[in-house]
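What follows is one structure encoded as structure tokens, with my remarks underneath.
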Amino acid sequence: MPDDRTNPENRPSPDALLEHAEREGRGRLRIFLGAAPGVGKTYEMLMAGRARLADGIDVVIGVVETHGRKETQALVDGYEVIPRREVEYRGRTLDEMDIDAILKRHPALVLVDELAHTNAPGSRHPKRYLDVQEILTRGIDVYTTLNIQHVESLNDVVAQITRVRVRETVPDSIIDRADDIEVIDLTPNDLIKRLHEGKVYFPQTAQRAIENYFSPGNLTALRELALRRTAQRVDEQLLSHMQSHAIPGPWAAGERVLVCVDSRPGGAARIRYARRLADRLRAPWTALHVDTPRLAGMSEEDKDRLATNLRLAEQLGADVTTIPGQNVAQDIVRHATANNFTHIVIGRPTRSRWRELIEGSLTYDLIRNAGDISVHVISGTERNTEMPSTRVKAATEGRQFQVWPYLLATAYVAGGLAVSSVLDQFLDVRNLAIVLLLSVLTAAVTSGLWPALYACFLSALGFNYFFLEPRYTLTIRDPESIVAFAVFLVVAVIASNLTARVQRQVVAARSRARATEDIYSFSKKLAGAGTLDDVLWATAFQIASMLKVRVVLLLPENGAITVKAGYPPDDTLAEADIAAARWAWEHDRPAGRGADTLPGARRLYLPLRTGRTAVGVIGLDNDKQGPLLTPEQQRLLDALADQAAVAIERIQLVADVDRARLAAEADRLRSALLTSISHDLKTPLAAIMGAAGTLREFAPALPEEDRADLLATVLNESERLNRFIANLLDMTKIESGAMEPNYAFHYLGDVVGSALNRAHKITGEHRIETDIPPDLPMLRLDPVLFEQALFNLLDNAAKYAPPGSAIRLQSWVDNGSVILQVMDEGSGIPPDDLERIFDTFYRVRKRDQVRAGTGLGLSISRGFIEAMGGTISAANRTDRPGAIFTIKMPVPADLPDMSDARMDQTA
Amino acid sequence: MTNQNVSILIVDDEPPIRKLLRVGLGSQGYAISEAPNAKAAIELIGTETPDLILLDLGLPGMTGLELLGKWRGDGLDIPVVILSSRTDEAGIVTALELGADDYVTKPFGMNELIARIRVALRHKFQQQGEKPVFQTGDLSVDLVKRIVKVEGKEVKLSPKEYDILRILVQYAGKVLTHQFLMKQIWNDTTDVQYLRVYVRQLRQKIEKTPDQPRYIITETGVGYRLRETE
């Protein structure tokens with residue numbers, strides 16, 4: 001914020017001073033900035049250097065490219081030139097500025113041409129500007145030249161204009177930190193003339209250059225860029241200068257637009273104008289509303305218009321500020337000055353000339369006081385751009401006549417009279433008026449204006465009747481008393497009026513504060529809500545509880561608008577309501593109860609929209625007849641609905657991103673799956689077809705053992721294919737989530753037995769060792785799934801462990817679980833793979849002689865074991881090489897009592 | 001046993017499977033007839049009476065289970081061996097309870113199928129005349145004297161254990177569902193885990209390594225089978 005930088009006591013800003021101090025001891029940098037090659041930067045630099053030479057300053061040339069231009073060459077004469085360093089690069093000799101020689105020579109000022117130059121590989125710095133920075137830190141001043149297209153932040157813009165992208169760029173910070181920038185300006189026509197005269201390039205190059213790069217349009221654009229960039233830099237310099245010298249703003253550091261918003265018609269046009277102005281100037285903009293006490297008595301229509309205008313400004317990207325104030329013109333100017341605004345947008349005066357004479361004119365006051373700030377006065381008759389009326393019939397505040405405030409007022413007056421009659425004994429009668437005044441004010445504070453006025457009347461009567469001579473009549477004899485009576489009445493009426501008004505404002509302020517607090521906590525709740533349901537429910541609940549209405553929220557789904565949430569939750573829609581909701585959604589206007597369209601519907605439907613788009617519809621109703629919401633409530637609803645709309649949009653955007661990511665992930669998996677499946681299906685099929693085909697064609701010619709061999713291939717590969725297909729089916733079962741384990745109590749030993757039985761063909765070349773204690777508790781499991789899980793582990797062990805080695809299955813009870821381990825004597829699992837070995841289609845990189853796995857078996861084992869409530873993990877043996885797979889199954893809590901089965905033993 | 005006079009009806013909708021069975025079983029001397037669906041099978045049964053039926057569960061139209069149910073309902077007591085796909089344990093159990101004699105799962109080895117067919121045929125022909133002493137591997141069961149020996153040494157079994165072994169021996173080589181065994185022994189089919197407890201105890205007594213049983217084989221999800229070793 002600019003006003004942070006404006007120190008209230010007009011002391012220099014510390015940041016600015018620090019920056020200034022850093023520059024001490026450094027050399028000064030002066031940049032000769034040009035819009036295009038050939039504008040005469042080098043020429044100007046050499047001229048400036050000559051002037052310094054003439055002043056007796058020690059100036060040398062670090063590097064200057066004359067491009068064969070005669071005038072330039074002539075200027076170099078008379079300078080001391082530091083010889084260039086020769087660099088060998090790919091068989092070519094490049095000459096580069098010799099930074100060491102310059103530093104050694106240590107002149108007061110060195111001229112370095114072409115700041116954006118890229119040094120030959122192997123130089124100290126890759127870029128010339130880095131050389132320049134080093135020279136500066138050694139306290140040597142530098143003059144250098146730069147073309148605008150080399151400035152980093154403008155690189156894209158220049159490329160757009162000229163269709164030539166420049167690779168050599170210089171960071172903006174160099175320009176920002178330069179002490180002086182001199183723009184070498186030449187009109188495009190003059191530059192083109194110089195080109196034709198051959199003063200920039202040799203003639204044949206020049207013609208091509210004119211056609212491509214140096215078109216008048218390009219040059220004009222580049223020239224503007226150069227001037228603007230310099231102007232921006234000058235602004236910053238000025239700002240820094242003013243801050244370090246504590247000069248209060250505004251500084252022309254950049255444009256800022258302030259639009260004044262009030263309740264008059266035509267506000268939308270003004271706001272749109274301000275937006276366009278800000279866009280054109282690339283400036284931030286703010287909508288300002290000055291809240292004066294007079295506005296408290298604003299009509300509901302005016303309040304609505306004000307709220308609508310402020311919302312519009314917010315939706316168009318303005319900061320919205322409301323400040324309290326008395327004199328609108330002064331307050332606006334003060335705010336604009338303090339915050340460094342450069343433009344103020346106001347509306348055309350609407351008051352009559354007579355009223356302006358009496359009350360003064362905001363417009364003229366503002367213009368008179370604005371000083372350096374431009375004031376734009378906009379006519380407010382841009383009818384067609386006004387926001388469409390989104391208003392519906394409003395309910396009136398519940399101001400029914402109530403008796404008790406009057407009874408209370410009567411009681412206060414009675415009390416006052418009682419006290420007065422006591423005081424009457426020793427005080428003058430006129431002093432008693434003060435006591436009665438107290439009663440009137442009490443009534444004003446507690447009960448409002450009308451009861452207070454009633455109390456005035458009552459106490460005046462009582463005062464007259466009881467205390468003014470002649471007592472106990474309503475006549476007054478003493479003229480002095482008449483005056484006292486009249487004064488009392490006037491004072492009482494004015495005081496009660498004032499008190500009641502203050503009281504009303506206090507109440508209004510308190511309810512505004514509560515609403516603000518509620519809105520704030522609502523927005524916090526929305527920010528924390530992670531799902532659409534949370535947001536919708538929070539919105540429905542908040543609106544229902546703050547406005548005392550029933551709420552439904554409708555969002556579009558498959559082209560229709562449907563109820564997504566409601567509070568209370570069990571609301572359903574009638575036919576007329578659905579039509580109204582759809583109309584509200586499609587036309588982005590209110591519909592239903594109290595609105596112009598479909599007023600027969602039970603609820604009022606309002607579109608829910610963000611600045612970008614409509615996101616849904618909100619439906620409201622209550623048990624009362626007539627219009628639903630007071631204007632105050634409508635404004636509150638607008639605020640809540642705005643926040644809810646933004647939150648809904650946010651959730652929907654997040655969901656869109658998530659969906660896209662999931663789809664990509666699923667795609668990746670699917671293609672991995674297809675690759676793997678096609679490989680695993682086709683390999684055995686190829687072997688089977690090849691073997692069978694060979695047998696059919698050449699059987700008579702083949703020796704007996706070859707035929708047997710081929711037949712064995714057919715059988716073995718078929719079995720492999722069969723296992724793979726079984727795995728695929730199992731995997732589908734797991735992936736689809738349709739697996740419902742068929743639980744029963746089983747002995748682990750039995751299941752191990754049947755798994756070993758099924759695997760005996762695969763494990764035929766291995767020794768199987770089992771160590772399953774006979775007294776293990778029964779487990780609750782699906783024997784088919786468990787057997788398959790175990791089978792896959794055995795298959796895996798047989799695949800990775802050498803023939804003749806032992807596969808060991810051991811089991812024990814450990815802390816409420818039954819542990820089953822399958823250990824092999826293979827080479828074990830690489831440590832990096834331990835985590836991923838259960839992943840689908842993951843295979844440990846296999847040694848040559850080992851057959852490829854399908855990458856499915858272990859994944860299925862895990863899927864099945866976990867589906868039955870167990871866990872499975874992989875590790876390596878510590879006693880010798882080999883893998884251990886550990887299955888852990890919980891001992892069931894509801895183990896049936898089978899002791900009677902054991903009893904049978906003794907029978 | 002010579003198979004010359006034994007006829008088998010194959011009910012399967014897949015021509016390659018029928019061809020395989022025709023060639024494979026024909027080489028063993030069985031006389032083969034074929035039906036591609038339930039309708040053709042019913043017609044065929046009306047004109048001739050095979051000694052055994054191979055029935056595929058996954059027939060088009062009327063399924064194998066429905067066909068089996070109809071036949072058993074009609075009082076047809078020809079032995080039936082079921083051809084089923086894996087992952088259909090429930091279908092197998094239902095078929096066995098409907099009165100099928102045994103099953104093989106596709107894909108199957110021809111040896112396995114022929115063994116099942118032999119067992120089913122043997123039980124048909126030998127239902128009355130059981131041998132008094134059953135012998136397989138090291139296990140011998142004297143059904144008259146109720147003596148069980150392993151490697152020639154007598155093993156003491158509890159009454160329930162003996163009952164289970166006796167029934168398994170009676171139907172040696174044939175799969176017996178849990179339900180069937182429960183009904184035979186307890187006349188009650190709840191609490192299958194009791195059966196598991198007894199089978200486990202039985203294995204501890206007659207198997208050398210109970211975790212790698214040789215005699216009492218678990219047919220996972222279906223039941224038990226007493227394996228006859230050659």
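Starting from 1 in every chain, residues are counted up; chains themselves are A, B, ... following the order of the structure tokens, and ligands are numbered from 1 as listed.
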Report as a ChimeraX atom specification: the residues of segment 48-201 of chain B with a DSSP assignment of alpha helix (DSSP H), based on the backbone of this structure. /B:64-73,89-98,110-125,159-170,178-186,192-201
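Those residues that approach Gly152 of chain B to within 8 Å, counting only C-alpha atoms, are Asp138, Leu139, Ser140 and Lys149 of chain B; same-chain residues fewer than 3 positions away are not listed.
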Serialized selection, N, CA and C atoms, as a PDB file, in the first residue's frame:
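That gives us out-v6.pdb:
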ATOM      1  N   ASP B 138       0.032 -97.009   2.442  1.00  0.00           N
ATOM      2  CA  ASP B 138       0.314 -97.630   3.722  1.00  0.00           C
ATOM      3  C   ASP B 138      -0.929 -97.773   4.574  1.00  0.00           C
ATOM      4  N   LEU B 139      -2.047 -97.289   4.054  1.00  0.00           N
ATOM      5  CA  LEU B 139      -3.268 -97.242   4.861  1.00  0.00           C
ATOM      6  C   LEU B 139      -4.153 -98.441   4.537  1.00  0.00           C
ATOM      7  N   SER B 140      -4.586 -99.151   5.621  1.00  0.00           N
ATOM      8  CA  SER B 140      -5.582-100.190   5.379  1.00  0.00           C
ATOM      9  C   SER B 140      -6.721-100.027   6.367  1.00  0.00           C
ATOM     10  N   LYS B 149      -5.117 -99.458  10.027  1.00  0.00           N
ATOM     11  CA  LYS B 149      -3.686 -99.637  10.216  1.00  0.00           C
ATOM     12  C   LYS B 149      -2.926 -98.679   9.297  1.00  0.00           C
TER      13      LYS B 149
END
Could you make a table, as JSON lines, of the residues of chain B that have an atom within 10 Å of an atom of chain A, each with its nearest atom pair and distance in Å to one decimal, counting only C-alpha atoms, in chain and number order?
{"residue": "B:Arg86", "atom": "CA", "partner": "A:Ala726", "partner_atom": "CA", "distance": 8.2}
{"residue": "B:Thr87", "atom": "CA", "partner": "A:Val784", "partner_atom": "CA", "distance": 8.7}
{"residue": "B:Glu89", "atom": "CA", "partner": "A:Val784", "partner_atom": "CA", "distance": 8.8}
{"residue": "B:Lys106", "atom": "CA", "partner": "A:Asn722", "partner_atom": "CA", "distance": 9.6}
{"residue": "B:Pro107", "atom": "CA", "partner": "A:Asn722", "partner_atom": "CA", "distance": 7.7}
{"residue": "B:Phe108", "atom": "CA", "partner": "A:Glu719", "partner_atom": "CA", "distance": 9.9}
{"residue": "B:Gly109", "atom": "CA", "partner": "A:Leu715", "partner_atom": "CA", "distance": 9.4}
{"residue": "B:Lys156", "atom": "CA", "partner": "A:Gln905", "partner_atom": "CA", "distance": 9.5}
{"residue": "B:Leu157", "atom": "CA", "partner": "A:Gln905", "partner_atom": "CA", "distance": 7.8}
{"residue": "B:Ser158", "atom": "CA", "partner": "A:Gln905", "partner_atom": "CA", "distance": 5.4}
{"residue": "B:Pro159", "atom": "CA", "partner": "A:Ala907", "partner_atom": "CA", "distance": 7.4}
{"residue": "B:Lys160", "atom": "CA", "partner": "A:Asp904", "partner_atom": "CA", "distance": 7.4}
{"residue": "B:Glu161", "atom": "CA", "partner": "A:Asp904", "partner_atom": "CA", "distance": 8.9}
{"residue": "B:Asp191", "atom": "CA", "partner": "A:Pro896", "partner_atom": "CA", "distance": 9.4}
{"residue": "B:Val192", "atom": "CA", "partner": "A:Ala744", "partner_atom": "CA", "distance": 8.4}
{"residue": "B:Gln193", "atom": "CA", "partner": "A:Phe745", "partner_atom": "CA", "distance": 6.1}
{"residue": "B:Tyr194", "atom": "CA", "partner": "A:Ala901", "partner_atom": "CA", "distance": 6.9}
{"residue": "B:Leu195", "atom": "CA", "partner": "A:Ala901", "partner_atom": "CA", "distance": 9.3}
{"residue": "B:Arg196", "atom": "CA", "partner": "A:His746", "partner_atom": "CA", "distance": 7.0}
{"residue": "B:Val197", "atom": "CA", "partner": "A:Ala901", "partner_atom": "CA", "distance": 7.2}
{"residue": "B:Tyr198", "atom": "CA", "partner": "A:Ala901", "partner_atom": "CA", "distance": 7.3}
{"residue": "B:Val199", "atom": "CA", "partner": "A:Asp750", "partner_atom": "CA", "distance": 9.3}
{"residue": "B:Arg200", "atom": "CA", "partner": "A:Asp750", "partner_atom": "CA", "distance": 7.5}
{"residue": "B:Gln201", "atom": "CA", "partner": "A:Arg902", "partner_atom": "CA", "distance": 9.1}
{"residue": "B:Arg203", "atom": "CA", "partner": "A:Asp750", "partner_atom": "CA", "distance": 9.6}
{"residue": "B:Gln204", "atom": "CA", "partner": "A:Pro774", "partner_atom": "CA", "distance": 8.1}
{"residue": "B:Thr209", "atom": "CA", "partner": "A:Thr770", "partner_atom": "CA", "distance": 8.7}
{"residue": "B:Pro210", "atom": "CA", "partner": "A:Gly749", "partner_atom": "CA", "distance": 7.6}
{"residue": "B:Asp211", "atom": "CA", "partner": "A:Gly753", "partner_atom": "CA", "distance": 4.8}
{"residue": "B:Gln212", "atom": "CA", "partner": "A:Gly753", "partner_atom": "CA", "distance": 4.8}
{"residue": "B:Pro213", "atom": "CA", "partner": "A:Gly753", "partner_atom": "CA", "distance": 6.5}
{"residue": "B:Arg214", "atom": "CA", "partner": "A:Asn757", "partner_atom": "CA", "distance": 9.1}
{"residue": "B:Ile217", "atom": "CA", "partner": "A:Ser754", "partner_atom": "CA", "distance": 7.2}
{"residue": "B:Thr218", "atom": "CA", "partner": "A:Ser754", "partner_atom": "CA", "distance": 5.8}
{"residue": "B:Glu219", "atom": "CA", "partner": "A:Ser754", "partner_atom": "CA", "distance": 7.4}
{"residue": "B:Thr220", "atom": "CA", "partner": "A:Val784", "partner_atom": "CA", "distance": 6.0}
{"residue": "B:Gly221", "atom": "CA", "partner": "A:Val784", "partner_atom": "CA", "distance": 6.1}
{"residue": "B:Val222", "atom": "CA", "partner": "A:Val784", "partner_atom": "CA", "distance": 9.7}
Include N, CA and C atoms and write out the residues we just selected as an mmCIF file, in the first residue's frame.
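again.cif, freshly written:
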data_model
loop_
_atom_site.group_PDB
_atom_site.id
_atom_site.type_symbol
_atom_site.label_atom_id
_atom_site.label_comp_id
_atom_site.auth_asym_id
_atom_site.auth_seq_id
_atom_site.Cartn_x
_atom_site.Cartn_y
_atom_site.Cartn_z
ATOM 1 N N ARG B 86 -13.088 -72.981 -13.646
ATOM 2 C CA ARG B 86 -12.598 -72.645 -12.318
ATOM 3 C C ARG B 86 -13.400 -71.457 -11.783
ATOM 4 N N THR B 87 -13.222 -71.123 -10.531
ATOM 5 C CA THR B 87 -13.904 -70.015 -9.856
ATOM 6 C C THR B 87 -15.412 -70.214 -9.855
ATOM 7 N N GLU B 89 -16.925 -72.593 -7.531
ATOM 8 C CA GLU B 89 -17.086 -73.598 -6.489
ATOM 9 C C GLU B 89 -18.552 -73.763 -6.098
ATOM 10 N N LYS B 106 -12.186 -77.068 -16.024
ATOM 11 C CA LYS B 106 -11.489 -76.725 -17.269
ATOM 12 C C LYS B 106 -10.431 -75.689 -16.943
ATOM 13 N N PRO B 107 -9.250 -75.736 -17.498
ATOM 14 C CA PRO B 107 -8.773 -76.814 -18.364
ATOM 15 C C PRO B 107 -8.354 -78.036 -17.537
ATOM 16 N N PHE B 108 -8.547 -79.231 -18.076
ATOM 17 C CA PHE B 108 -8.240 -80.432 -17.303
ATOM 18 C C PHE B 108 -7.308 -81.332 -18.112
ATOM 19 N N GLY B 109 -6.585 -82.196 -17.381
ATOM 20 C CA GLY B 109 -5.759 -83.191 -18.065
ATOM 21 C C GLY B 109 -6.610 -84.416 -18.359
ATOM 22 N N LYS B 156 -5.557 -95.991 16.794
ATOM 23 C CA LYS B 156 -6.835 -95.881 17.503
ATOM 24 C C LYS B 156 -7.568 -94.619 17.061
ATOM 25 N N LEU B 157 -8.772 -94.793 16.542
ATOM 26 C CA LEU B 157 -9.576 -93.645 16.129
ATOM 27 C C LEU B 157 -10.775 -93.513 17.055
ATOM 28 N N SER B 158 -11.207 -92.275 17.243
ATOM 29 C CA SER B 158 -12.450 -92.072 17.998
ATOM 30 C C SER B 158 -13.602 -92.510 17.103
ATOM 31 N N PRO B 159 -14.806 -92.726 17.679
ATOM 32 C CA PRO B 159 -15.925 -93.194 16.856
ATOM 33 C C PRO B 159 -16.228 -92.258 15.692
ATOM 34 N N LYS B 160 -16.217 -90.946 15.940
ATOM 35 C CA LYS B 160 -16.548 -90.000 14.866
ATOM 36 C C LYS B 160 -15.470 -90.018 13.790
ATOM 37 N N GLU B 161 -14.215 -90.086 14.218
ATOM 38 C CA GLU B 161 -13.119 -90.134 13.249
ATOM 39 C C GLU B 161 -13.262 -91.378 12.362
ATOM 40 N N ASP B 191 -22.690 -76.025 11.361
ATOM 41 C CA ASP B 191 -21.401 -76.122 12.039
ATOM 42 C C ASP B 191 -20.395 -77.009 11.313
ATOM 43 N N VAL B 192 -20.064 -76.600 10.094
ATOM 44 C CA VAL B 192 -19.100 -77.347 9.286
ATOM 45 C C VAL B 192 -17.750 -77.420 9.977
ATOM 46 N N GLN B 193 -17.470 -76.420 10.853
ATOM 47 C CA GLN B 193 -16.131 -76.444 11.443
ATOM 48 C C GLN B 193 -15.878 -77.696 12.296
ATOM 49 N N TYR B 194 -16.952 -78.347 12.798
ATOM 50 C CA TYR B 194 -16.750 -79.611 13.529
ATOM 51 C C TYR B 194 -16.111 -80.634 12.618
ATOM 52 N N LEU B 195 -16.626 -80.676 11.377
ATOM 53 C CA LEU B 195 -16.075 -81.609 10.401
ATOM 54 C C LEU B 195 -14.582 -81.343 10.215
ATOM 55 N N ARG B 196 -14.230 -80.029 10.131
ATOM 56 C CA ARG B 196 -12.824 -79.680 9.919
ATOM 57 C C ARG B 196 -11.969 -80.139 11.098
ATOM 58 N N VAL B 197 -12.536 -79.972 12.309
ATOM 59 C CA VAL B 197 -11.778 -80.385 13.505
ATOM 60 C C VAL B 197 -11.512 -81.886 13.450
ATOM 61 N N TYR B 198 -12.520 -82.666 13.100
ATOM 62 C CA TYR B 198 -12.347 -84.128 13.078
ATOM 63 C C TYR B 198 -11.414 -84.552 11.951
ATOM 64 N N VAL B 199 -11.584 -83.910 10.786
ATOM 65 C CA VAL B 199 -10.707 -84.271 9.664
ATOM 66 C C VAL B 199 -9.258 -83.984 10.044
ATOM 67 N N ARG B 200 -9.071 -82.856 10.746
ATOM 68 C CA ARG B 200 -7.709 -82.495 11.151
ATOM 69 C C ARG B 200 -7.143 -83.570 12.102
ATOM 70 N N GLN B 201 -7.984 -83.952 13.079
ATOM 71 C CA GLN B 201 -7.526 -84.975 14.028
ATOM 72 C C GLN B 201 -7.236 -86.289 13.319
ATOM 73 N N ARG B 203 -6.329 -86.628 10.205
ATOM 74 C CA ARG B 203 -5.076 -86.508 9.451
ATOM 75 C C ARG B 203 -3.870 -86.672 10.367
ATOM 76 N N GLN B 204 -3.973 -86.087 11.576
ATOM 77 C CA GLN B 204 -2.849 -86.207 12.516
ATOM 78 C C GLN B 204 -2.532 -87.679 12.783
ATOM 79 N N THR B 209 2.827 -86.621 7.133
ATOM 80 C CA THR B 209 2.924 -85.164 7.346
ATOM 81 C C THR B 209 1.541 -84.572 7.108
ATOM 82 N N PRO B 210 0.852 -84.256 8.189
ATOM 83 C CA PRO B 210 -0.553 -83.814 8.039
ATOM 84 C C PRO B 210 -0.695 -82.548 7.199
ATOM 85 N N ASP B 211 0.390 -81.730 7.093
ATOM 86 C CA ASP B 211 0.276 -80.511 6.301
ATOM 87 C C ASP B 211 0.468 -80.774 4.811
ATOM 88 N N GLN B 212 0.945 -81.991 4.472
ATOM 89 C CA GLN B 212 1.023 -82.356 3.049
ATOM 90 C C GLN B 212 0.348 -83.716 2.900
ATOM 91 N N PRO B 213 -1.008 -83.737 3.068
ATOM 92 C CA PRO B 213 -1.713 -85.018 3.183
ATOM 93 C C PRO B 213 -1.615 -85.853 1.898
ATOM 94 N N ARG B 214 -1.513 -87.163 2.088
ATOM 95 C CA ARG B 214 -1.482 -88.071 0.931
ATOM 96 C C ARG B 214 -2.843 -88.704 0.699
ATOM 97 N N ILE B 217 -7.648 -85.643 0.853
ATOM 98 C CA ILE B 217 -7.341 -84.440 0.090
ATOM 99 C C ILE B 217 -8.468 -83.428 0.275
ATOM 100 N N THR B 218 -8.064 -82.155 0.507
ATOM 101 C CA THR B 218 -9.065 -81.092 0.593
ATOM 102 C C THR B 218 -9.394 -80.611 -0.809
ATOM 103 N N GLU B 219 -10.635 -80.641 -1.173
ATOM 104 C CA GLU B 219 -11.076 -79.990 -2.415
ATOM 105 C C GLU B 219 -11.591 -78.622 -2.002
ATOM 106 N N THR B 220 -10.752 -77.621 -2.160
ATOM 107 C CA THR B 220 -11.033 -76.313 -1.556
ATOM 108 C C THR B 220 -12.395 -75.765 -1.976
ATOM 109 N N GLY B 221 -13.166 -75.405 -0.973
ATOM 110 C CA GLY B 221 -14.470 -74.800 -1.231
ATOM 111 C C GLY B 221 -15.532 -75.835 -1.560
ATOM 112 N N VAL B 222 -15.150 -77.119 -1.676
ATOM 113 C CA VAL B 222 -16.122 -78.139 -2.083
ATOM 114 C C VAL B 222 -16.277 -79.218 -1.015
#
Where in segment 473-563 of chain A does DSSP assign strand (DSSP E or B), given as a list in words? Arg550, Val551, Val552, Leu553, Leu554, Leu555, Pro556, Glu557, Ala560, Ile561, Thr562 and Val563 of chain A
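Neighbouring residues of Lys131 of chain B at 10 Å or closer, counting only C-alpha atoms and skipping chain neighbours under 5 positions away, are Gln126, Asp142, Leu143, Val144 and Gln170 of chain B.
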How about saving the chosen residues, N, CA and C atoms kept, as a tab-separated table (two decimals), in the first residue's frame?
chain	number	residue	atom	x	y	z
B	126	GLN	N	-20.24	-101.17	-8.26
B	126	GLN	CA	-19.87	-101.89	-7.04
B	126	GLN	C	-20.65	-101.44	-5.82
B	142	ASP	N	-10.14	-102.03	7.68
B	142	ASP	CA	-10.98	-103.23	7.69
B	142	ASP	C	-12.36	-102.81	8.10
B	143	LEU	N	-13.29	-102.78	7.11
B	143	LEU	CA	-14.61	-102.24	7.37
B	143	LEU	C	-15.46	-103.18	8.20
B	144	VAL	N	-15.09	-104.46	8.24
B	144	VAL	CA	-15.87	-105.41	9.03
B	144	VAL	C	-15.41	-105.37	10.49
B	170	GLN	N	-15.67	-95.73	1.71
B	170	GLN	CA	-16.82	-96.24	0.95
B	170	GLN	C	-16.90	-95.59	-0.42
I want to know what sits within 9 Å of Arg116 of chain B, based on only C-alpha atoms, with residues of the same chain fewer than 6 positions away left out; could you give that as an MDAnalysis selection string? chainID B and resid 81 101:104 173:174
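The shell of residues at most 9 Å from Thr229 of chain B, with only C-alpha atoms counted and near chain neighbours (fewer than 4 positions) removed, consists of Thr136, Gly137, Arg214 and Tyr215 of chain B.
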If you keep C-alpha atoms, can you produce a file of those selected residues as an mmCIF file, in the first residue's frame?
data_model
loop_
_atom_site.group_PDB
_atom_site.id
_atom_site.type_symbol
_atom_site.label_atom_id
_atom_site.label_comp_id
_atom_site.auth_asym_id
_atom_site.auth_seq_id
_atom_site.Cartn_x
_atom_site.Cartn_y
_atom_site.Cartn_z
ATOM 1 C CA THR B 136 -4.257 -97.734 -0.405
ATOM 2 C CA GLY B 137 -0.583 -96.957 0.085
ATOM 3 C CA ARG B 214 -1.482 -88.071 0.931
ATOM 4 C CA TYR B 215 -4.843 -89.697 1.639
#
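The list of residues with at least one atom within 8 Å of Leu65 of chain B, based on only C-alpha atoms and without residues fewer than 2 positions apart in the same chain, reads Leu57, Thr63, Leu67, Leu68, Gly69, Gly91, Thr94 and Ala95 of chain B.
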Between atom CA of Asp98 of chain A and atom CA of Val166 of chain A, distance in Å (one decimal): 25.0 Å
